[in-house]
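Quick look at run_23.cif (mmCIF, C-alpha atoms):
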```cif
data_query
loop_
_atom_site.label_atom_id
_atom_site.label_comp_id
_atom_site.auth_asym_id
_atom_site.auth_seq_id
_atom_site.Cartn_x
_atom_site.Cartn_y
_atom_site.Cartn_z
CA MET A 1 19.95 9.82 -8.94
CA SER A 2 19.64 9.06 -5.24
CA SER A 3 16.69 7.01 -4.04
CA VAL A 4 15.09 9.77 -2.00
CA GLU A 5 15.18 12.13 -4.97
CA ARG A 6 13.08 9.64 -6.92
CA SER A 7 10.43 9.14 -4.26
CA PRO A 8 9.89 12.13 -2.00
CA TRP A 9 6.83 11.36 0.10
CA LEU A 10 4.95 14.36 1.44
CA ILE A 11 3.01 15.42 4.47
CA HIS A 12 1.31 18.79 4.62
CA TYR A 13 0.39 20.92 7.59
CA ASP A 14 -1.67 24.10 7.44
CA ALA A 15 -0.49 26.23 10.35
CA SER A 16 -2.99 29.11 10.13
CA SER A 17 -3.78 32.20 7.99
CA CYS A 18 -6.22 32.15 5.06
CA ASN A 19 -5.80 28.48 3.89
CA GLY A 20 -5.25 29.65 0.29
CA CYS A 21 -1.80 28.05 0.10
CA ASP A 22 -3.10 24.80 1.58
CA ILE A 23 -5.72 24.62 -1.15
CA GLU A 24 -2.94 25.12 -3.71
CA VAL A 25 -0.92 22.28 -2.07
CA LEU A 26 -3.91 19.99 -2.53
CA ALA A 27 -4.25 21.23 -6.12
CA CYS A 28 -0.68 19.97 -6.74
CA LEU A 29 -1.85 16.46 -6.04
CA THR A 30 -4.81 16.56 -8.42
CA PRO A 31 -4.59 14.93 -11.88
CA VAL A 32 -4.00 18.36 -13.49
CA TYR A 33 -0.57 18.84 -11.87
CA ASP A 34 0.12 15.12 -11.22
CA ALA A 35 2.78 15.19 -8.49
CA GLU A 36 2.99 11.39 -8.67
CA ARG A 37 4.99 11.55 -11.92
CA PHE A 38 7.91 12.72 -9.73
CA GLY A 39 7.25 9.86 -7.31
CA CYS A 40 5.54 12.11 -4.76
CA ILE A 41 2.89 10.52 -2.56
CA LEU A 42 0.86 12.40 0.02
CA THR A 43 1.08 10.17 3.09
CA GLY A 44 -0.57 12.04 5.95
CA ASP A 45 1.66 10.01 8.29
CA PRO A 46 4.79 11.82 9.54
CA LYS A 47 6.61 8.51 10.07
CA GLN A 48 6.34 7.74 6.36
CA ALA A 49 7.01 11.25 5.02
CA ASP A 50 10.30 12.73 3.80
CA ILE A 51 9.22 16.31 3.12
CA LEU A 52 7.01 18.46 5.34
CA LEU A 53 5.03 21.12 3.48
CA VAL A 54 3.96 23.93 5.80
CA THR A 55 1.62 26.73 4.84
CA GLY A 56 0.58 29.70 6.95
CA SER A 57 2.08 31.51 9.89
CA VAL A 58 3.08 30.06 13.23
CA ASN A 59 1.45 31.01 16.52
CA HIS A 60 1.84 29.81 20.11
CA LEU A 61 -0.82 27.14 19.75
CA ASN A 62 0.38 25.43 16.59
CA ALA A 63 4.16 25.69 17.07
CA PRO A 64 4.29 22.61 19.40
CA ILE A 65 2.14 20.64 16.94
CA LEU A 66 4.45 21.56 14.08
CA LYS A 67 7.50 20.52 16.13
CA ASN A 68 5.80 17.25 17.04
CA ILE A 69 5.13 16.38 13.39
CA TYR A 70 8.69 17.37 12.42
CA GLU A 71 10.28 15.24 15.14
CA GLN A 72 8.27 12.15 14.16
CA MET A 73 9.63 12.21 10.62
CA PRO A 74 12.51 9.83 9.78
CA GLU A 75 15.93 11.33 9.07
CA PRO A 76 17.04 12.93 6.85
CA ARG A 77 14.01 15.21 6.50
CA ALA A 78 13.28 18.48 4.72
CA VAL A 79 10.82 21.31 5.31
CA VAL A 80 9.24 23.45 2.60
CA ALA A 81 7.63 26.69 3.80
CA ILE A 82 4.97 27.70 1.28
CA GLY A 83 3.72 31.25 0.78
CA ALA A 84 4.32 34.66 2.31
CA CYS A 85 2.79 33.72 5.68
CA ALA A 86 5.09 30.73 6.11
CA TYR A 87 8.04 33.03 5.38
CA SER A 88 7.31 35.94 7.72
CA GLY A 89 3.68 35.86 8.81
CA GLY A 90 2.68 37.72 5.65
CA VAL A 91 -0.25 40.10 5.95
CA PHE A 92 -0.93 38.62 9.38
CA SER A 93 2.58 39.32 10.72
CA GLU A 94 1.39 42.31 12.83
CA CYS A 95 -1.40 40.33 14.50
CA TYR A 96 -1.14 40.00 18.28
CA ASN A 97 -1.25 36.19 18.17
CA VAL A 98 1.14 35.57 15.26
CA SER A 99 4.74 34.80 16.15
CA GLY A 100 5.99 34.87 12.53
CA GLY A 101 7.15 32.41 9.91
CA VAL A 102 7.70 28.65 10.10
CA ALA A 103 11.42 29.14 10.85
CA ASN A 104 10.43 30.29 14.36
CA ALA A 105 9.37 26.72 15.16
CA ILE A 106 11.40 24.35 12.96
CA PRO A 107 14.37 24.65 10.54
CA VAL A 108 13.22 25.42 6.98
CA ASP A 109 15.10 24.20 3.89
CA VAL A 110 13.15 25.67 0.99
CA TYR A 111 10.89 28.74 0.72
CA VAL A 112 8.23 28.89 -1.98
CA PRO A 113 7.16 32.47 -2.78
CA GLY A 114 3.61 33.61 -3.51
CA CYS A 115 0.39 34.72 -1.91
CA ALA A 116 -1.05 32.28 -2.63
CA ALA A 117 1.80 30.15 -4.07
CA LYS A 118 1.09 28.56 -7.46
CA PRO A 119 0.93 24.75 -7.71
CA GLU A 120 3.77 24.83 -10.27
CA SER A 121 6.06 26.68 -7.88
CA ILE A 122 5.07 24.37 -5.01
CA LEU A 123 6.07 21.37 -7.14
CA ASN A 124 9.33 23.15 -7.93
CA GLY A 125 9.88 23.66 -4.20
CA VAL A 126 9.24 19.98 -3.51
CA LEU A 127 11.78 18.92 -6.13
CA ARG A 128 14.34 21.36 -4.66
CA ALA A 129 13.66 19.93 -1.21
CA ALA A 130 14.33 16.46 -2.65
CA LYS A 131 17.75 17.74 -3.76
CA VAL A 132 18.33 19.12 -0.25
CA LEU A 133 17.46 15.68 1.14
CA LYS A 134 20.04 14.12 -1.17
CA GLU A 135 22.68 16.54 0.12
CA LYS A 136 21.72 15.77 3.72
CA GLU A 137 21.98 12.06 3.01
CA ARG A 138 25.46 12.53 1.54
CA ALA A 139 26.56 14.67 4.50
CA ALA A 140 25.31 11.99 6.91
CA LYS A 141 27.29 9.35 5.00
CA ARG A 142 30.43 11.52 5.14
CA ARG A 143 29.98 12.00 8.90
CA LYS A 144 29.56 8.24 9.33
CA GLY A 145 32.69 7.65 7.26
CA ALA A 146 34.67 10.22 9.30
CA LYS A 147 33.61 8.55 12.57
CA GLU A 148 34.82 5.17 11.39
CA MET B 1 7.23 -33.23 -13.20
CA LYS B 2 8.37 -34.06 -9.67
CA GLY B 3 11.46 -32.02 -8.89
CA ILE B 4 10.58 -28.93 -10.90
CA GLU B 5 8.37 -27.66 -8.04
CA ILE B 6 11.40 -26.90 -5.89
CA TYR B 7 12.87 -24.72 -8.65
CA ILE B 8 9.61 -22.84 -9.06
CA ALA B 9 9.45 -22.30 -5.28
CA VAL B 10 13.04 -20.96 -5.26
CA ALA B 11 12.24 -18.77 -8.29
CA TYR B 12 9.28 -17.41 -6.35
CA VAL B 13 11.50 -16.38 -3.43
CA VAL B 14 13.99 -14.67 -5.75
CA LEU B 15 11.72 -13.24 -8.45
CA GLY B 16 8.51 -12.79 -6.40
CA PRO B 17 9.28 -9.20 -5.34
CA LEU B 18 10.32 -8.36 -8.91
CA VAL B 19 6.99 -9.55 -10.33
CA GLY B 20 4.99 -8.04 -7.44
CA GLY B 21 6.79 -4.69 -7.76
CA LEU B 22 6.29 -4.56 -11.52
CA MET B 23 2.59 -5.36 -11.08
CA SER B 24 2.36 -2.55 -8.55
CA GLY B 25 4.18 -0.16 -10.92
CA MET B 26 1.92 -1.13 -13.81
CA ASP B 27 -1.09 -0.67 -11.54
CA ARG B 28 0.02 2.88 -10.68
CA ILE B 29 0.53 3.78 -14.35
CA ILE B 30 -2.85 2.36 -15.42
CA THR B 31 -4.53 4.15 -12.49
CA ALA B 32 -2.85 7.42 -13.54
CA ARG B 33 -3.96 7.00 -17.18
CA LEU B 34 -7.52 6.28 -16.03
CA GLN B 35 -7.41 9.61 -14.17
CA GLY B 36 -5.98 11.45 -17.19
CA ARG B 37 -2.43 11.95 -15.92
CA VAL B 38 1.03 10.68 -16.80
CA GLY B 39 1.76 8.78 -13.61
CA PRO B 40 5.01 7.57 -12.09
CA PRO B 41 7.70 5.54 -13.90
CA LEU B 42 7.19 1.76 -14.09
CA LEU B 43 9.99 1.16 -11.58
CA GLN B 44 8.59 3.65 -9.03
CA PRO B 45 7.69 0.94 -6.45
CA PHE B 46 11.33 -0.19 -6.47
CA TYR B 47 12.56 3.40 -5.97
CA ASP B 48 10.10 3.72 -3.07
CA LEU B 49 11.29 0.48 -1.48
CA ARG B 50 14.97 1.39 -1.84
CA LYS B 51 14.28 4.77 -0.28
CA LEU B 52 12.34 3.26 2.63
CA PHE B 53 15.36 1.14 3.52
CA THR B 54 17.62 4.23 3.62
CA ARG B 55 15.39 6.11 6.10
CA ARG B 56 16.65 6.35 9.66
CA ILE B 57 13.84 6.01 12.19
CA ALA B 58 13.67 4.29 15.55
CA PRO B 59 11.07 1.50 15.77
CA VAL B 60 8.16 2.40 18.05
CA ASN B 61 8.82 -0.53 20.40
CA ARG B 62 10.87 -3.73 20.62
CA LEU B 63 8.01 -5.91 19.37
CA GLN B 64 7.30 -4.15 16.10
CA VAL B 65 10.30 -5.30 14.05
CA PRO B 66 10.16 -9.02 15.02
CA LEU B 67 6.41 -9.09 14.36
CA ILE B 68 6.74 -7.45 10.95
CA ALA B 69 9.67 -9.74 10.11
CA SER B 70 7.46 -12.72 11.02
CA HIS B 71 4.73 -11.28 8.80
CA LEU B 72 7.18 -11.19 5.89
CA VAL B 73 8.57 -14.68 6.62
CA PHE B 74 5.11 -16.25 6.74
CA ALA B 75 3.95 -14.36 3.64
CA VAL B 76 6.97 -15.78 1.78
CA LEU B 77 6.39 -19.22 3.32
CA THR B 78 2.78 -19.19 2.08
CA GLY B 79 4.06 -18.66 -1.45
CA ILE B 80 6.81 -21.28 -1.09
CA LEU B 81 4.31 -23.91 0.10
CA PHE B 82 1.93 -22.87 -2.67
CA PHE B 83 4.46 -23.21 -5.48
CA TYR B 84 6.10 -26.28 -3.93
CA GLY B 85 2.78 -28.03 -4.42
CA SER B 86 1.85 -28.54 -0.77
CA ASP B 87 -1.70 -29.05 0.37
CA ILE B 88 -3.53 -25.80 -0.34
CA LEU B 89 -5.61 -26.13 2.84
CA LEU B 90 -2.39 -25.92 4.88
CA ILE B 91 -1.44 -22.81 2.92
CA ILE B 92 -4.62 -21.04 4.01
CA PHE B 93 -3.60 -21.47 7.66
CA VAL B 94 -0.13 -20.03 7.01
CA LEU B 95 -1.68 -17.17 5.05
CA THR B 96 -3.90 -16.37 8.04
CA LEU B 97 -0.90 -16.52 10.38
CA ALA B 98 0.96 -13.99 8.20
CA SER B 99 -1.99 -11.56 8.44
CA ILE B 100 -2.25 -12.12 12.21
CA PHE B 101 1.39 -11.04 12.65
CA LEU B 102 0.68 -7.81 10.77
CA VAL B 103 -2.36 -7.16 12.97
CA LEU B 104 -0.31 -7.87 16.13
CA ALA B 105 2.39 -5.46 14.96
CA ALA B 106 -0.25 -2.77 14.52
CA TYR B 107 -1.77 -3.48 17.96
CA SER B 108 1.66 -3.45 19.63
CA THR B 109 2.21 0.27 19.04
CA GLY B 110 -0.85 1.45 20.96
CA SER B 111 -1.56 4.29 18.56
CA PRO B 112 -5.33 4.83 18.21
CA TYR B 113 -5.05 4.95 14.41
CA SER B 114 -3.18 1.69 14.06
CA THR B 115 -5.45 0.06 16.67
CA ILE B 116 -8.56 0.92 14.64
CA GLY B 117 -6.70 -0.17 11.50
CA ALA B 118 -5.89 -3.51 13.15
CA ASP B 119 -9.53 -3.94 14.25
CA ARG B 120 -10.63 -3.39 10.68
CA GLU B 121 -8.01 -5.79 9.30
CA LEU B 122 -9.43 -8.49 11.61
CA LEU B 123 -12.93 -7.71 10.29
CA LEU B 124 -11.64 -7.97 6.72
CA MET B 125 -10.14 -11.36 7.58
CA THR B 126 -13.52 -12.61 8.80
CA ALA B 127 -14.95 -11.26 5.54
CA TYR B 128 -12.52 -12.94 3.11
CA GLU B 129 -11.63 -16.25 4.79
CA PRO B 130 -14.96 -18.10 4.14
CA MET B 131 -14.82 -17.24 0.43
CA ILE B 132 -11.22 -18.44 0.07
CA ILE B 133 -12.12 -21.77 1.69
CA ILE B 134 -15.19 -22.13 -0.58
CA ALA B 135 -12.93 -21.40 -3.59
CA LEU B 136 -10.52 -24.18 -2.56
CA VAL B 137 -13.35 -26.66 -1.98
CA GLY B 138 -14.73 -25.77 -5.41
CA LEU B 139 -11.33 -26.24 -7.07
CA PHE B 140 -11.02 -29.60 -5.29
CA GLY B 141 -14.37 -30.58 -6.77
CA VAL B 142 -13.07 -29.84 -10.27
CA ALA B 143 -9.57 -31.33 -9.98
CA LYS B 144 -10.05 -33.83 -7.12
CA SER B 145 -6.82 -32.51 -5.61
CA PHE B 146 -5.52 -29.82 -3.26
CA ASN B 147 -2.17 -29.64 -5.07
CA PHE B 148 -1.43 -26.46 -7.06
CA TYR B 149 0.04 -28.27 -10.09
CA GLU B 150 -2.63 -30.98 -10.21
CA ILE B 151 -5.41 -28.36 -10.16
CA LEU B 152 -3.53 -26.42 -12.85
CA ARG B 153 -3.21 -29.52 -15.07
CA SER B 154 -6.83 -30.54 -14.59
CA PRO B 155 -8.43 -30.89 -18.05
CA MET B 156 -11.71 -29.35 -16.85
CA PRO B 157 -11.60 -25.53 -17.17
CA ALA B 158 -12.51 -24.37 -13.66
CA TYR B 159 -13.85 -20.99 -14.81
CA LEU B 160 -16.63 -22.73 -16.78
CA TYR B 161 -17.74 -24.80 -13.81
CA LEU B 162 -17.13 -22.26 -11.04
CA PRO B 163 -18.00 -18.79 -12.44
CA GLY B 164 -19.72 -17.74 -9.21
CA ILE B 165 -16.75 -18.82 -7.11
CA TYR B 166 -14.41 -16.91 -9.44
CA VAL B 167 -16.51 -13.75 -8.95
CA GLY B 168 -16.50 -14.28 -5.18
CA LEU B 169 -12.75 -14.87 -5.10
CA VAL B 170 -11.99 -11.70 -7.08
CA PHE B 171 -14.31 -9.87 -4.71
CA VAL B 172 -12.34 -10.91 -1.63
CA LEU B 173 -9.01 -10.59 -3.49
CA MET B 174 -9.60 -6.83 -3.56
CA MET B 175 -9.55 -6.86 0.25
CA LYS B 176 -6.23 -8.72 0.34
CA LEU B 177 -4.78 -6.35 -2.28
CA ARG B 178 -6.00 -3.30 -0.30
CA LYS B 179 -8.12 -1.92 -3.12
CA SER B 180 -11.11 0.40 -3.01
CA PRO B 181 -13.88 -0.03 -1.92
CA PHE B 182 -12.33 -2.35 0.69
CA ASP B 183 -9.18 -0.43 1.68
CA ILE B 184 -10.58 0.39 5.11
CA SER B 185 -7.67 -0.84 7.24
CA THR B 186 -4.91 0.89 5.29
CA SER B 187 -4.58 2.24 1.78
CA HIS B 188 -2.01 3.01 -0.89
CA HIS B 189 -3.91 6.06 -2.02
CA ALA B 190 -3.43 9.72 -1.21
CA HIS B 191 -6.99 9.85 0.18
CA GLN B 192 -5.90 7.62 3.03
CA GLU B 193 -8.06 6.77 6.00
CA LEU B 194 -7.08 6.90 9.71
CA VAL B 195 -3.61 8.36 8.96
CA MET B 196 -2.62 5.10 7.17
CA GLY B 197 -4.47 2.92 9.75
CA LEU B 198 -2.71 -0.41 10.10
CA THR B 199 0.68 1.03 9.09
CA ALA B 200 0.29 4.34 10.97
CA ASP B 201 3.22 3.69 13.29
CA MET B 202 5.45 2.09 10.69
CA GLY B 203 8.03 4.14 8.86
CA GLY B 204 11.24 3.63 6.96
CA PRO B 205 12.61 0.06 6.84
CA VAL B 206 9.64 -1.37 8.80
CA LEU B 207 7.23 -0.09 6.15
CA GLY B 208 9.63 -1.43 3.53
CA LEU B 209 9.22 -4.93 4.98
CA VAL B 210 5.42 -4.57 4.93
CA GLU B 211 5.57 -3.48 1.29
CA LEU B 212 7.87 -6.37 0.37
CA ALA B 213 5.51 -8.84 2.04
CA HIS B 214 2.64 -7.28 0.10
CA TRP B 215 4.44 -7.94 -3.22
CA TYR B 216 5.00 -11.57 -2.29
CA GLU B 217 1.30 -11.80 -1.36
CA THR B 218 0.25 -10.25 -4.68
CA VAL B 219 2.10 -12.97 -6.60
CA TYR B 220 0.53 -15.97 -4.87
CA LEU B 221 -2.91 -14.36 -4.83
CA PHE B 222 -2.77 -14.05 -8.61
CA ALA B 223 -1.47 -17.63 -8.76
CA LEU B 224 -4.67 -18.55 -6.92
CA VAL B 225 -6.65 -16.82 -9.68
CA LEU B 226 -4.53 -18.70 -12.25
CA LEU B 227 -5.96 -21.98 -10.92
CA PHE B 228 -9.28 -21.05 -12.53
CA PHE B 229 -7.66 -20.63 -15.95
CA GLY B 230 -5.19 -23.51 -15.98
CA SER B 231 -6.81 -25.33 -18.92
CA SER B 232 -4.84 -23.50 -21.65
CA TRP B 233 -2.19 -20.80 -22.10
CA ILE B 234 -4.64 -18.44 -23.79
CA ALA B 235 -7.17 -18.84 -20.99
CA ALA B 236 -4.42 -18.22 -18.41
CA VAL B 237 -3.16 -15.00 -20.04
CA VAL B 238 -6.63 -13.62 -20.80
CA GLY B 239 -7.99 -14.62 -17.38
CA LEU B 240 -5.13 -13.07 -15.40
CA ALA B 241 -5.07 -9.86 -17.47
CA PHE B 242 -8.86 -9.52 -17.18
CA THR B 243 -8.77 -10.01 -13.39
CA TYR B 244 -5.87 -7.56 -12.97
CA LEU B 245 -7.55 -4.83 -15.05
CA LEU B 246 -10.95 -5.44 -13.44
CA ILE B 247 -9.48 -4.92 -9.96
CA ILE B 248 -7.76 -1.68 -11.03
CA VAL B 249 -10.90 -0.29 -12.69
CA VAL B 250 -13.07 -1.13 -9.67
CA ASP B 251 -10.41 0.45 -7.45
CA ASN B 252 -10.76 3.69 -9.41
CA ILE B 253 -14.52 3.92 -9.75
CA THR B 254 -15.65 3.06 -6.24
CA ALA B 255 -15.61 4.96 -2.98
CA ARG B 256 -14.46 3.44 0.31
CA MET B 257 -17.19 1.53 2.19
CA LYS B 258 -18.00 1.48 5.89
CA TRP B 259 -16.66 -1.60 7.68
CA GLY B 260 -20.08 -3.02 8.56
CA PHE B 261 -21.18 -2.85 4.95
CA VAL B 262 -17.93 -4.49 3.78
CA VAL B 263 -18.40 -7.49 6.06
CA SER B 264 -22.11 -8.01 5.35
CA LEU B 265 -21.61 -7.54 1.60
CA ALA B 266 -18.68 -9.98 1.57
CA TRP B 267 -20.72 -12.62 3.35
CA LEU B 268 -23.67 -12.02 1.02
CA VAL B 269 -21.40 -12.50 -2.01
CA THR B 270 -19.84 -15.58 -0.37
CA LEU B 271 -23.29 -17.03 0.20
CA VAL B 272 -24.85 -16.16 -3.17
CA ALA B 273 -21.93 -16.40 -5.61
CA GLY B 274 -19.77 -18.86 -3.64
CA ALA B 275 -22.16 -21.32 -2.00
CA GLY B 276 -24.74 -20.72 -4.76
CA ASN B 277 -22.17 -22.05 -7.23
CA LEU B 278 -20.61 -24.73 -5.03
CA ILE B 279 -23.80 -26.56 -3.98
CA PRO B 280 -25.28 -27.05 -7.50
CA PHE B 281 -21.81 -28.00 -8.78
CA TYR B 282 -21.47 -30.77 -6.20
CA ILE B 283 -25.01 -32.05 -6.79
CA ILE B 284 -24.47 -32.24 -10.58
CA SER B 285 -20.92 -33.64 -10.41
CA ARG B 286 -21.99 -36.47 -8.10
CA GLY B 287 -23.68 -38.11 -11.08
CA THR B 288 -20.49 -38.05 -13.21
CA PRO B 289 -17.37 -40.04 -12.30
#
```

Re-express the file's structure as structure tokens.
Amino acid sequence: MSSVERSPWLIHYDASSCNGCDIEVLACLTPVYDAERFGCILTGDPKQADILLVTGSVNHLNAPILKNIYEQMPEPRAVVAIGACAYSGGVFSECYNVSGGVANAIPVDVYVPGCAAKPESILNGVLRAAKVLKEKERAAKRRKGAKE
Amino acid sequence: MKGIEIYIAVAYVVLGPLVGGLMSGMDRIITARLQGRVGPPLLQPFYDLRKLFTRRIAPVNRLQVPLIASHLVFAVLTGILFFYGSDILLIIFVLTLASIFLVLAAYSTGSPYSTIGADRELLLMTAYEPMIIIALVGLFGVAKSFNFYEILRSPMPAYLYLPGIYVGLVFVLMMKLRKSPFDISTSHHAHQELVMGLTADMGGPVLGLVELAHWYETVYLFALVLLFFGSSWIAAVVGLAFTYLLIIVVDNITARMKWGFVVSLAWLVTLVAGAGNLIPFYIISRGTP
């Protein structure tokens, strides 16, 4: 098992919409669901996080903030878009101020379905993102090897 | 006995992180069980550290890495001097220097979060230093020596003569170990303050170095507690286990304090438990040879 798969540290950002998914993200970290048994820690600091959990839809105000958080994270990094809004804007997709899902601002690796997404499926998404991180790490190593 | 100190000091450099990491892993499991959950594997701190060293992130500025490296070097040096049997008073100065490097590294980034974290770390230092010095003076009173091994071999059980100083030392130890209610500068918990405060601008390998230094610190801080229980093996095991569990339980049942309250409470405890124990002890022990 690669090291990042054993300790994926998280940061969460609630873009907009109804906040339901964000509440479920926080529920993941409560004793009931115990994300720490997979080595997950909620850091709140992008420089220490490996996986960015985004809930809600993106608009013109929060897209730069989302990009800023994403760019501060160390490489390799993964993004999990949680819920219908983070996928397409959800029920808010027709609103005049909503520009759509998270993929409009930053590259997304894993989508977690639901409105709101269940804590179990969010945890599943995090573990899948950890696998994505492992693949990215391997790809980076291969690129480094090819250069040399 | 002379000669074995050097081996213990070398063992500390090699095995220190192992012991510190295992203590941290055990801490996380006990904390999880107290909260009614399974918790991470015992080796989780080692997985975390290994991962931190694989992250690719540019340091915030040119100063950060040398300052953090100095923090680690002086934290290790504190332990080496401690286990080599040097004068414990000298060790306190090196210990302070190690903390100052961490504070400087936090100031160097200019981030408001790490600046406030660094301010608070300085306040914590003013809060714990007097108590540590009182503890050493008290231990000198018992053993008539500032040498680690001579205090440890002293036939008088320090915990019987210095209960107040032991309480005060454990109190300030929780600040050094970054435990609630004193984790105001930075915290290991999910409910972190100030976006990680002191370590806000540290990521990847830099944070790995901070964590490594923290494990080294944990080992010599508990060795400091051991000095109170050096009279017998049973006292040493029971004393260390009791202190370790006490700190974890307090960490779990208390909320984070405001910085002003931390400093005034620490000084009150230093004055009442520390000086209140030290002064009567010296007056009584003057009569006995």

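For the choices B:Arg178, B:Ala11, B:Leu207, B:Ser108, the atom-to-atom distance to chain A is smallest for B:Leu207 when using only C-alpha atoms.
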
Starting from the displayed file, determine the output of the PyMOL selection byres ((chain A and resi 111) around 8) and express the residue list as a count of residues only. 11

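The gap separating atom CA of B:Ile248 from atom CA of B:Thr31 is 6.8 Å, in Å to one decimal.
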
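Using all atoms listed in the file, every residue with an atom at most 7 Å from the point (-17.2, -2.1, 12.2) is listed here: Arg120, Trp259 and Gly260 of chain B.
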
List, as a compact mmCIF listing (two decimals) with C-alpha atoms, in the frame of the given file, every residue that the PyMOL selection byres ((chain A and resi 45-52) around 9) selects in the file provided.
```txt
# COMPACT_ATOMS: atom_id res chain seq x y z
CA VAL A 4 15.09 9.77 -2.00
CA SER A 7 10.43 9.14 -4.26
CA PRO A 8 9.89 12.13 -2.00
CA TRP A 9 6.83 11.36 0.10
CA LEU A 10 4.95 14.36 1.44
CA ILE A 11 3.01 15.42 4.47
CA HIS A 12 1.31 18.79 4.62
CA TYR A 13 0.39 20.92 7.59
CA ILE A 41 2.89 10.52 -2.56
CA LEU A 42 0.86 12.40 0.02
CA THR A 43 1.08 10.17 3.09
CA GLY A 44 -0.57 12.04 5.95
CA LEU A 53 5.03 21.12 3.48
CA VAL A 54 3.96 23.93 5.80
CA ILE A 69 5.13 16.38 13.39
CA TYR A 70 8.69 17.37 12.42
CA GLU A 71 10.28 15.24 15.14
CA GLN A 72 8.27 12.15 14.16
CA MET A 73 9.63 12.21 10.62
CA PRO A 74 12.51 9.83 9.78
CA GLU A 75 15.93 11.33 9.07
CA PRO A 76 17.04 12.93 6.85
CA ARG A 77 14.01 15.21 6.50
CA ALA A 78 13.28 18.48 4.72
CA VAL A 79 10.82 21.31 5.31
CA VAL A 80 9.24 23.45 2.60
CA ALA A 81 7.63 26.69 3.80
CA VAL A 126 9.24 19.98 -3.51
CA ALA A 129 13.66 19.93 -1.21
CA ALA A 130 14.33 16.46 -2.65
CA LEU A 133 17.46 15.68 1.14
CA LEU B 52 12.34 3.26 2.63
CA ARG B 55 15.39 6.11 6.10
CA ILE B 57 13.84 6.01 12.19
CA VAL B 195 -3.61 8.36 8.96
CA MET B 196 -2.62 5.10 7.17
CA ALA B 200 0.29 4.34 10.97
CA ASP B 201 3.22 3.69 13.29
CA MET B 202 5.45 2.09 10.69
CA GLY B 203 8.03 4.14 8.86
CA GLY B 204 11.24 3.63 6.96
CA LEU B 207 7.23 -0.09 6.15
```

- Residue members of the PyMOL selection byres ((chain B) within 12 of (chain A)) in the file shown, as an NGL selection string: :B and (25 or 28-29 or 31-60 or 113-114 or 186-208)
